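Before any comments, here is the structure.
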Amino acid sequence: MADDIDDLLDEVETKFLEKKEKSGGVAKKAKTPVSKTNPNVPSRKKSTGDADLDAMIDDICEAPEPLEPLVDKTPAQNSPRTPRGTEGKRRCAVLYLGGSKHAMGLGSSMNQRSCDQLRCTDCDFRVVFYDNYEWDASCEYLFFRNNVPDFGKLKAKLNKRKGGRAYACQCKWTSVQDLVDIQKKTDFKWVCGKHAS
C-alpha cells in the first residue's frame with residue numbers, strides 16, 4: 001500500500017509540474033519517477049477510477065487561492081468563555097456589610113443589601129457571619145486562623161448583641177450594626193463570591 005501511495009504522489013507531482021510549465025511557470029518538467037514497486041507484486045492497470053482521481057487532482061491544482069485567509073467566524077470562537085456553572089451568576093455592584101436588621105443578598109446602589117457570598121482574597125476562605133452577635137475585644141489572629149469556620153469553637157469569643165452581625169474569615173474579623181460600604185474598611189480584602197440570579 002505504501003508503494004501505491006508513493007506512486008500516486010509521484011504522479012501528482014509530475015502532473016502539477018507539467019501544468020506549471022504550460023502556464024509559464026519556472027518549474028522544469030520533472031524526470032519520470034523511478035518506480036519503487038516490488039518486482040514480485042504485479043502492477044495495477046489504470047481503471048476508470050484512476051481517471052476520476054486524476055480529474056479531482058486537476059481540479060485541486062487549478063483552484064484559485066483565496067484572497068483572504070480563511071477564519072472561523074463562529075461566535076463561540078470569538079467570544080470569551082465562561083467557566084462551567086457560572087452562567088446566570090452576578091456579583092454585588094456595591095459591597096455592603098450590615099447588621100441583622102439589614103436584608104442579605106445581591107447588593108447594588110439601589111438595593112442596599114449585605115452580601116452573603118463574601119470571600120477573602122488574602123486567606124482564600126469564605127467569610128462566615130453570625131446574626132445577633134459581635135466579636136469579643138480579646139479576639140486575635142491565631143484564634144480565627146485555627147477556628148474558622150467552626151461555629152462550635154468560634155462561639156467562645158462571640159457576645160450576644162441584638163441587631164449586630166459578626167463577620168470573620170481566617171485573617172480578618174469585624175462586628176457591624178449599621179450598613180457599611182466595605183470599601184471604607186480599607187484593610188479588608190473581601191469580595192463578592194457571586195450570587196445565583
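By order of appearance in the C-alpha cells: chains A, B, ..., then residues from 1 within every chain, and ligands from 1 in the order shown.
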Open item on the list: Just want the 10 Å neighbourhood of Lys189 in chain A, counted on only C-alpha atoms, with same-chain residues fewer than 6 positions away dropped. Output as a VMD selection string.
Closed with: chain A and resid 118 to 124 171 to 172 182 to 183
Write out, as a PDB file, in the first residue's frame, the residues just selected, with N, CA and C atoms.
ATOM      1  N   LEU A 118     -19.557  36.501  50.646  1.00  0.00           N
ATOM      2  CA  LEU A 118     -18.231  37.112  50.760  1.00  0.00           C
ATOM      3  C   LEU A 118     -17.123  36.068  50.787  1.00  0.00           C
ATOM      4  N   ARG A 119     -16.013  36.449  50.170  1.00  0.00           N
ATOM      5  CA  ARG A 119     -14.827  35.593  50.144  1.00  0.00           C
ATOM      6  C   ARG A 119     -13.606  36.489  50.337  1.00  0.00           C
ATOM      7  N   CYS A 120     -12.639  36.026  51.108  1.00  0.00           N
ATOM      8  CA  CYS A 120     -11.423  36.791  51.372  1.00  0.00           C
ATOM      9  C   CYS A 120     -10.352  36.439  50.343  1.00  0.00           C
ATOM     10  N   THR A 121      -9.746  37.459  49.734  1.00  0.00           N
ATOM     11  CA  THR A 121      -8.688  37.198  48.750  1.00  0.00           C
ATOM     12  C   THR A 121      -7.326  37.033  49.413  1.00  0.00           C
ATOM     13  N   ASP A 122      -7.202  37.375  50.701  1.00  0.00           N
ATOM     14  CA  ASP A 122      -5.936  37.162  51.416  1.00  0.00           C
ATOM     15  C   ASP A 122      -5.779  35.710  51.860  1.00  0.00           C
ATOM     16  N   CYS A 123      -6.763  35.194  52.585  1.00  0.00           N
ATOM     17  CA  CYS A 123      -6.654  33.818  53.099  1.00  0.00           C
ATOM     18  C   CYS A 123      -7.403  32.808  52.243  1.00  0.00           C
ATOM     19  N   ASP A 124      -8.162  33.280  51.243  1.00  0.00           N
ATOM     20  CA  ASP A 124      -8.922  32.437  50.326  1.00  0.00           C
ATOM     21  C   ASP A 124      -9.950  31.561  51.052  1.00  0.00           C
ATOM     22  N   CYS A 171      -8.337  35.571  58.518  1.00  0.00           N
ATOM     23  CA  CYS A 171      -7.333  36.611  58.799  1.00  0.00           C
ATOM     24  C   CYS A 171      -7.922  37.945  59.245  1.00  0.00           C
ATOM     25  N   LYS A 172      -9.227  38.181  59.062  1.00  0.00           N
ATOM     26  CA  LYS A 172      -9.864  39.446  59.443  1.00  0.00           C
ATOM     27  C   LYS A 172     -11.207  39.157  60.109  1.00  0.00           C
ATOM     28  N   ILE A 182     -18.012  48.250  52.270  1.00  0.00           N
ATOM     29  CA  ILE A 182     -16.758  47.565  52.607  1.00  0.00           C
ATOM     30  C   ILE A 182     -15.527  48.314  52.088  1.00  0.00           C
ATOM     31  N   GLN A 183     -15.688  49.162  51.076  1.00  0.00           N
ATOM     32  CA  GLN A 183     -14.552  49.926  50.571  1.00  0.00           C
ATOM     33  C   GLN A 183     -14.062  50.938  51.598  1.00  0.00           C
TER      34      GLN A 183
END
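You will find CA of Asp50 in chain A at 11.1 Å from CA of Glu11 in chain A.
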Task: One-decimal distance in Å that lies between CA of Gln117 in chain A and CA of Trp190 in chain A - done: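 Pair CA of Trp190 in chain A / CA of Gln117 in chain A returns 9.8 Å.
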Open item on the list: Give me the residues near Asn132 in chain A as a list in words, where near means some atom within 7 Å (using only C-alpha atoms) and where sequence neighbours in that chain fewer than 5 positions away do not count.
Closed with: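 Neighbouring residues, sequence-local ones excluded: Ser100, Lys160, Arg161, Lys162, Gly163, Gly164 and Arg165 of chain A.
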Can those selected residues be exported to a file as a short mmCIF file (atom, residue, chain, number, x, y, z; two decimals), in the first residue's frame so that it contains C-alpha atoms?
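Output (again.cif):
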data_model
loop_
_atom_site.label_atom_id
_atom_site.label_comp_id
_atom_site.auth_asym_id
_atom_site.auth_seq_id
_atom_site.Cartn_x
_atom_site.Cartn_y
_atom_site.Cartn_z
CA SER A 100 -29.02 41.52 61.41
CA LYS A 160 -24.78 38.40 72.07
CA ARG A 161 -25.79 41.76 70.63
CA LYS A 162 -29.26 42.38 69.27
CA GLY A 163 -29.17 43.82 65.74
CA GLY A 164 -25.47 43.09 65.29
CA ARG A 165 -23.73 40.77 62.86
#
